[in-house]
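Printed here is query.pdb (PDB, C-alpha atoms):
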MODEL        1
ATOM      1  CA  MET A 262      31.971 172.472 140.008  1.00  0.00           C
ATOM      2  CA  LYS A 263      34.319 172.153 142.984  1.00  0.00           C
ATOM      3  CA  TYR A 264      31.490 170.652 145.042  1.00  0.00           C
ATOM      4  CA  SER A 265      30.882 167.849 142.554  1.00  0.00           C
ATOM      5  CA  LYS A 266      34.619 167.073 142.415  1.00  0.00           C
ATOM      6  CA  ASN A 267      34.635 166.634 146.194  1.00  0.00           C
ATOM      7  CA  VAL A 268      31.567 164.391 146.028  1.00  0.00           C
ATOM      8  CA  ILE A 269      33.116 162.240 143.300  1.00  0.00           C
ATOM      9  CA  ARG A 270      36.408 162.058 145.215  1.00  0.00           C
ATOM     10  CA  SER A 271      34.571 160.989 148.377  1.00  0.00           C
ATOM     11  CA  LEU A 272      32.535 158.332 146.542  1.00  0.00           C
ATOM     12  CA  THR A 273      35.725 157.008 144.984  1.00  0.00           C
ATOM     13  CA  MET A 274      37.343 156.731 148.413  1.00  0.00           C
ATOM     14  CA  VAL A 275      34.340 154.902 149.866  1.00  0.00           C
ATOM     15  CA  THR A 276      34.403 152.488 146.924  1.00  0.00           C
ATOM     16  CA  GLN A 277      38.124 151.887 147.411  1.00  0.00           C
ATOM     17  CA  PHE A 278      37.576 151.166 151.114  1.00  0.00           C
ATOM     18  CA  GLY A 279      34.924 148.598 150.220  1.00  0.00           C
ATOM     19  CA  LEU A 280      37.016 146.924 147.555  1.00  0.00           C
ATOM     20  CA  ASN A 281      40.095 146.887 149.785  1.00  0.00           C
ATOM     21  CA  MET A 282      38.066 145.000 152.379  1.00  0.00           C
ATOM     22  CA  LEU A 283      35.913 142.694 150.252  1.00  0.00           C
ATOM     23  CA  VAL A 284      38.341 141.425 147.607  1.00  0.00           C
ATOM     24  CA  PRO A 285      40.711 139.657 150.051  1.00  0.00           C
ATOM     25  CA  ILE A 286      37.748 138.161 151.935  1.00  0.00           C
ATOM     26  CA  PHE A 287      36.167 136.732 148.788  1.00  0.00           C
ATOM     27  CA  MET A 288      39.443 135.491 147.342  1.00  0.00           C
ATOM     28  CA  CYS A 289      40.450 133.742 150.558  1.00  0.00           C
ATOM     29  CA  SER A 290      36.951 132.300 151.050  1.00  0.00           C
ATOM     30  CA  PHE A 291      36.863 130.859 147.542  1.00  0.00           C
ATOM     31  CA  ALA A 292      40.377 129.484 147.975  1.00  0.00           C
ATOM     32  CA  GLY A 293      39.234 127.877 151.224  1.00  0.00           C
ATOM     33  CA  MET A 294      36.195 126.308 149.529  1.00  0.00           C
ATOM     34  CA  TRP A 295      38.436 124.963 146.785  1.00  0.00           C
ATOM     35  CA  LEU A 296      40.899 123.528 149.297  1.00  0.00           C
ATOM     36  CA  ASP A 297      38.078 122.005 151.356  1.00  0.00           C
ATOM     37  CA  GLU A 298      36.738 120.301 148.250  1.00  0.00           C
ATOM     38  CA  LYS A 299      40.166 119.137 147.120  1.00  0.00           C
ATOM     39  CA  TRP A 300      41.358 117.844 150.507  1.00  0.00           C
ATOM     40  CA  GLY A 301      37.986 116.746 151.906  1.00  0.00           C
ATOM     41  CA  THR A 302      38.246 119.037 154.914  1.00  0.00           C
ATOM     42  CA  SER A 303      35.653 121.403 156.330  1.00  0.00           C
ATOM     43  CA  PHE A 304      37.595 124.118 158.146  1.00  0.00           C
ATOM     44  CA  MET A 305      39.740 125.815 155.486  1.00  0.00           C
ATOM     45  CA  THR A 306      36.919 128.096 154.304  1.00  0.00           C
ATOM     46  CA  VAL A 307      36.395 129.528 157.771  1.00  0.00           C
ATOM     47  CA  LEU A 308      40.109 129.784 158.460  1.00  0.00           C
ATOM     48  CA  LEU A 309      40.864 131.535 155.182  1.00  0.00           C
ATOM     49  CA  PHE A 310      37.805 133.785 155.589  1.00  0.00           C
ATOM     50  CA  PHE A 311      39.359 135.174 158.763  1.00  0.00           C
ATOM     51  CA  VAL A 312      42.748 135.485 157.072  1.00  0.00           C
ATOM     52  CA  GLY A 313      41.035 137.481 154.292  1.00  0.00           C
ATOM     53  CA  ALA A 314      39.257 139.677 156.844  1.00  0.00           C
ATOM     54  CA  ILE A 315      42.534 140.446 158.577  1.00  0.00           C
ATOM     55  CA  ALA A 316      44.211 141.190 155.237  1.00  0.00           C
ATOM     56  CA  GLY A 317      41.302 143.426 154.213  1.00  0.00           C
ATOM     57  CA  GLY A 318      41.442 145.286 157.510  1.00  0.00           C
ATOM     58  CA  ARG A 319      45.147 145.817 157.028  1.00  0.00           C
ATOM     59  CA  ASN A 320      44.530 147.164 153.513  1.00  0.00           C
ATOM     60  CA  VAL A 321      41.911 149.605 154.794  1.00  0.00           C
ATOM     61  CA  TRP A 322      44.217 150.706 157.621  1.00  0.00           C
ATOM     62  CA  ILE A 323      47.074 151.439 155.214  1.00  0.00           C
ATOM     63  CA  PHE A 324      44.771 153.257 152.785  1.00  0.00           C
ATOM     64  CA  ALA A 325      43.244 155.390 155.559  1.00  0.00           C
ATOM     65  CA  ARG A 326      46.678 156.224 156.942  1.00  0.00           C
ATOM     66  CA  LYS A 327      47.850 157.393 153.498  1.00  0.00           C
ATOM     67  CA  ILE A 328      44.787 159.608 153.113  1.00  0.00           C
ATOM     68  CA  TYR A 329      45.261 161.071 156.585  1.00  0.00           C
ATOM     69  CA  THR A 330      48.959 161.826 156.105  1.00  0.00           C
ATOM     70  CA  LYS A 331      48.304 163.451 152.712  1.00  0.00           C
ATOM     71  CA  SER A 332      45.635 165.719 154.184  1.00  0.00           C
ATOM     72  CA  GLU A 333      47.861 166.541 157.173  1.00  0.00           C
ATOM     73  CA  THR A 334      50.747 167.432 154.854  1.00  0.00           C
ATOM     74  CA  LYS A 335      48.487 169.569 152.698  1.00  0.00           C
ATOM     75  CA  ARG A 336      47.107 171.378 155.763  1.00  0.00           C
ATOM     76  CA  ARG A 337      50.591 172.039 157.164  1.00  0.00           C
ATOM     77  CA  ARG A 338      51.756 173.466 153.850  1.00  0.00           C
ATOM     78  CA  ALA A 339      48.726 175.740 153.730  1.00  0.00           C
ATOM     79  CA  ASP A 340      49.398 176.874 157.312  1.00  0.00           C
ATOM     80  CA  LYS A 341      53.047 177.612 156.488  1.00  0.00           C
ATOM     81  CA  ALA A 342      52.088 179.559 153.370  1.00  0.00           C
ATOM     82  CA  GLU A 343      49.535 181.568 155.357  1.00  0.00           C
ATOM     83  CA  ALA A 344      52.090 182.323 158.085  1.00  0.00           C
ATOM     84  CA  LYS A 345      54.613 183.393 155.444  1.00  0.00           C
ATOM     85  CA  ASP A 346      52.049 185.721 153.855  1.00  0.00           C
ATOM     86  CA  ASP A 347      51.267 187.194 157.269  1.00  0.00           C
ATOM     87  CA  ARG A 348      54.961 187.875 157.925  1.00  0.00           C
ATOM     88  CA  GLU A 349      55.433 189.539 154.538  1.00  0.00           C
ATOM     89  CA  ALA A 350      52.404 191.780 154.963  1.00  0.00           C
TER      90      ALA A 350
ENDMDL
END

Just give me the structure of the file as C-alpha cells.
Amino acid sequence: MKYSKNVIRSLTMVTQFGLNMLVPIFMCSFAGMWLDEKWGTSFMTVLLFFVGAIAGGRNVWIFARKIYTKSETKRRRADKAEAKDDREA
C-alpha cells in the first residue's frame, strides 16, 4: 500500500507542476486576446503570453523549492534521530 501512496503523491505533484505553469499562461493569453480585441492592437496577446510564462515559471520554482526544503528537513530529522539512537545504544 505504501508504494501506491508514493505513486499517487508523485502524480499529484506532476499535476500541480503542470497546473502551476499552464493556468497563468492561459489566463494571460486570454486577457491579451481580449485587450487586443478591445483596443484594436495586435501585440498584447504575445506580450501577456510571455508574462504568463514568467509567472508560471516562478510558481513552479516556488513549488519545487518548497518540496525540496520539506524533503531536506525530513531527511535531516531522520539523520538526527538515527544518530541519537546510535549514541543511546

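Distances to A:Val321 were evaluated for A:Met274, A:Met288, A:Ala342, A:Leu309 using only C-alpha atoms, and the minimum falls at A:Met274.
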
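If only C-alpha atoms are the atoms counted, then among A:Leu308, A:Ala325, A:Met294, A:Ala316 the closest residue to A:Phe278 is A:Ala325.
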
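The space between atom CA of A:Phe311 and atom CA of A:Ile286 spans 7.6 Å.
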
Could you state the separation of atom CA of A:Lys266 and atom CA of A:Glu333 in Å, given to one decimal place? 19.8 Å

Just the number, please: distance in Å from atom CA of A:Asn281 to atom CA of A:Val307, one decimal.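 These atoms are spaced 19.5 Å apart.
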
Closest to A:Gly313 among A:Arg348, A:Met282, A:Lys341, A:Gln277, using all atoms listed in the file? A:Met282

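The residue set within 10 Å of A:Phe291, counting only C-alpha atoms and dropping same-chain residues fewer than 5 places from it, reads A:Pro285, A:Ile286, A:Leu296, A:Asp297, A:Met305, A:Thr306, A:Leu309, A:Phe310.
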
Requested write-out: C-alpha atoms of the selected residues, as a CSV table (one decimal), keeping the file's coordinate frame:
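File out23.csv, as written:
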chain,number,residue,atom,x,y,z
A,285,PRO,CA,40.7,139.7,150.1
A,286,ILE,CA,37.7,138.2,151.9
A,296,LEU,CA,40.9,123.5,149.3
A,297,ASP,CA,38.1,122.0,151.4
A,305,MET,CA,39.7,125.8,155.5
A,306,THR,CA,36.9,128.1,154.3
A,309,LEU,CA,40.9,131.5,155.2
A,310,PHE,CA,37.8,133.8,155.6

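Proximity to A:Arg270 was assessed for A:Asp346, A:Trp295, A:Ile328, A:Arg337 counting only C-alpha atoms; the smallest distance is recorded for A:Ile328.
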
Which residue, A:Ala339, A:Ala314, A:Val268, A:Ala292, has the smallest gap to A:Leu280 when you use only C-alpha atoms? A:Ala314

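Using all atoms listed in the file, the smallest distance between any of A:Ala344, A:Ile315, A:Ser265, A:Tyr329 and A:Val284 comes from A:Ile315.
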
For stretch 274-285 of chain A, where the input has fewer atoms than it should, I would like all heavy atoms rebuilt and written as a PDB file, in the frame of the given file.
ATOM      1  N   MET A 274      36.669 157.226 147.208  1.00  0.00           N
ATOM      2  CA  MET A 274      37.343 156.731 148.413  1.00  0.00           C
ATOM      3  C   MET A 274      36.518 155.668 149.117  1.00  0.00           C
ATOM      4  O   MET A 274      37.050 154.639 149.552  1.00  0.00           O
ATOM      5  CB  MET A 274      37.623 157.877 149.375  1.00  0.00           C
ATOM      6  CG  MET A 274      39.019 158.413 149.265  1.00  0.00           C
ATOM      7  SD  MET A 274      39.367 159.537 150.590  1.00  0.00           S
ATOM      8  CE  MET A 274      39.042 161.067 149.770  1.00  0.00           C
ATOM      9  N   VAL A 275      35.209 155.882 149.219  1.00  0.00           N
ATOM     10  CA  VAL A 275      34.340 154.902 149.866  1.00  0.00           C
ATOM     11  C   VAL A 275      34.364 153.591 149.087  1.00  0.00           C
ATOM     12  O   VAL A 275      34.442 152.502 149.670  1.00  0.00           O
ATOM     13  CB  VAL A 275      32.905 155.452 149.991  1.00  0.00           C
ATOM     14  CG1 VAL A 275      31.925 154.365 150.388  1.00  0.00           C
ATOM     15  CG2 VAL A 275      32.862 156.596 150.984  1.00  0.00           C
ATOM     16  N   THR A 276      34.341 153.686 147.761  1.00  0.00           N
ATOM     17  CA  THR A 276      34.403 152.488 146.924  1.00  0.00           C
ATOM     18  C   THR A 276      35.728 151.763 147.124  1.00  0.00           C
ATOM     19  O   THR A 276      35.764 150.528 147.224  1.00  0.00           O
ATOM     20  CB  THR A 276      34.217 152.862 145.444  1.00  0.00           C
ATOM     21  OG1 THR A 276      32.973 153.547 145.298  1.00  0.00           O
ATOM     22  CG2 THR A 276      34.247 151.651 144.556  1.00  0.00           C
ATOM     23  N   GLN A 277      36.820 152.510 147.197  1.00  0.00           N
ATOM     24  CA  GLN A 277      38.124 151.887 147.411  1.00  0.00           C
ATOM     25  C   GLN A 277      38.195 151.201 148.771  1.00  0.00           C
ATOM     26  O   GLN A 277      38.778 150.123 148.890  1.00  0.00           O
ATOM     27  CB  GLN A 277      39.234 152.921 147.289  1.00  0.00           C
ATOM     28  CG  GLN A 277      39.512 153.328 145.865  1.00  0.00           C
ATOM     29  CD  GLN A 277      40.588 154.391 145.766  1.00  0.00           C
ATOM     30  OE1 GLN A 277      40.758 155.200 146.674  1.00  0.00           O
ATOM     31  NE2 GLN A 277      41.308 154.396 144.671  1.00  0.00           N
ATOM     32  N   PHE A 278      37.608 151.815 149.801  1.00  0.00           N
ATOM     33  CA  PHE A 278      37.576 151.166 151.114  1.00  0.00           C
ATOM     34  C   PHE A 278      36.847 149.831 151.025  1.00  0.00           C
ATOM     35  O   PHE A 278      37.314 148.820 151.541  1.00  0.00           O
ATOM     36  CB  PHE A 278      36.873 152.055 152.153  1.00  0.00           C
ATOM     37  CG  PHE A 278      37.768 153.043 152.816  1.00  0.00           C
ATOM     38  CD1 PHE A 278      37.627 154.399 152.572  1.00  0.00           C
ATOM     39  CD2 PHE A 278      38.750 152.632 153.695  1.00  0.00           C
ATOM     40  CE1 PHE A 278      38.446 155.314 153.187  1.00  0.00           C
ATOM     41  CE2 PHE A 278      39.579 153.546 154.323  1.00  0.00           C
ATOM     42  CZ  PHE A 278      39.416 154.892 154.059  1.00  0.00           C
ATOM     43  N   GLY A 279      35.692 149.824 150.357  1.00  0.00           N
ATOM     44  CA  GLY A 279      34.924 148.598 150.220  1.00  0.00           C
ATOM     45  C   GLY A 279      35.670 147.521 149.459  1.00  0.00           C
ATOM     46  O   GLY A 279      35.706 146.349 149.876  1.00  0.00           O
ATOM     47  N   LEU A 280      36.267 147.901 148.346  1.00  0.00           N
ATOM     48  CA  LEU A 280      37.016 146.924 147.555  1.00  0.00           C
ATOM     49  C   LEU A 280      38.234 146.404 148.301  1.00  0.00           C
ATOM     50  O   LEU A 280      38.549 145.212 148.235  1.00  0.00           O
ATOM     51  CB  LEU A 280      37.433 147.531 146.217  1.00  0.00           C
ATOM     52  CG  LEU A 280      36.309 147.759 145.212  1.00  0.00           C
ATOM     53  CD1 LEU A 280      36.827 148.494 143.991  1.00  0.00           C
ATOM     54  CD2 LEU A 280      35.672 146.448 144.823  1.00  0.00           C
ATOM     55  N   ASN A 281      38.929 147.308 149.003  1.00  0.00           N
ATOM     56  CA  ASN A 281      40.095 146.887 149.785  1.00  0.00           C
ATOM     57  C   ASN A 281      39.731 145.885 150.867  1.00  0.00           C
ATOM     58  O   ASN A 281      40.558 145.069 151.273  1.00  0.00           O
ATOM     59  CB  ASN A 281      40.783 148.091 150.431  1.00  0.00           C
ATOM     60  CG  ASN A 281      41.674 148.827 149.476  1.00  0.00           C
ATOM     61  OD1 ASN A 281      42.183 148.254 148.531  1.00  0.00           O
ATOM     62  ND2 ASN A 281      41.857 150.112 149.717  1.00  0.00           N
ATOM     63  N   MET A 282      38.498 145.927 151.341  1.00  0.00           N
ATOM     64  CA  MET A 282      38.066 145.000 152.379  1.00  0.00           C
ATOM     65  C   MET A 282      37.478 143.727 151.784  1.00  0.00           C
ATOM     66  O   MET A 282      37.766 142.622 152.267  1.00  0.00           O
ATOM     67  CB  MET A 282      37.026 145.689 153.274  1.00  0.00           C
ATOM     68  CG  MET A 282      36.678 144.926 154.490  1.00  0.00           C
ATOM     69  SD  MET A 282      38.086 144.856 155.598  1.00  0.00           S
ATOM     70  CE  MET A 282      37.531 143.664 156.767  1.00  0.00           C
ATOM     71  N   LEU A 283      36.661 143.841 150.751  1.00  0.00           N
ATOM     72  CA  LEU A 283      35.913 142.694 150.252  1.00  0.00           C
ATOM     73  C   LEU A 283      36.717 141.751 149.357  1.00  0.00           C
ATOM     74  O   LEU A 283      36.510 140.537 149.415  1.00  0.00           O
ATOM     75  CB  LEU A 283      34.672 143.176 149.495  1.00  0.00           C
ATOM     76  CG  LEU A 283      33.607 143.830 150.366  1.00  0.00           C
ATOM     77  CD1 LEU A 283      32.472 144.347 149.504  1.00  0.00           C
ATOM     78  CD2 LEU A 283      33.092 142.858 151.396  1.00  0.00           C
ATOM     79  N   VAL A 284      37.597 142.277 148.542  1.00  0.00           N
ATOM     80  CA  VAL A 284      38.341 141.425 147.607  1.00  0.00           C
ATOM     81  C   VAL A 284      39.168 140.358 148.335  1.00  0.00           C
ATOM     82  O   VAL A 284      39.078 139.178 147.994  1.00  0.00           O
ATOM     83  CB  VAL A 284      39.199 142.269 146.641  1.00  0.00           C
ATOM     84  CG1 VAL A 284      40.170 141.412 145.858  1.00  0.00           C
ATOM     85  CG2 VAL A 284      38.290 143.042 145.686  1.00  0.00           C
ATOM     86  N   PRO A 285      39.961 140.711 149.353  1.00  0.00           N
ATOM     87  CA  PRO A 285      40.711 139.657 150.051  1.00  0.00           C
ATOM     88  C   PRO A 285      39.800 138.628 150.738  1.00  0.00           C
ATOM     89  O   PRO A 285      40.115 137.438 150.755  1.00  0.00           O
ATOM     90  CB  PRO A 285      41.547 140.399 151.093  1.00  0.00           C
ATOM     91  CG  PRO A 285      41.593 141.794 150.644  1.00  0.00           C
ATOM     92  CD  PRO A 285      40.355 142.040 149.859  1.00  0.00           C
TER      93      PRO A 285
END
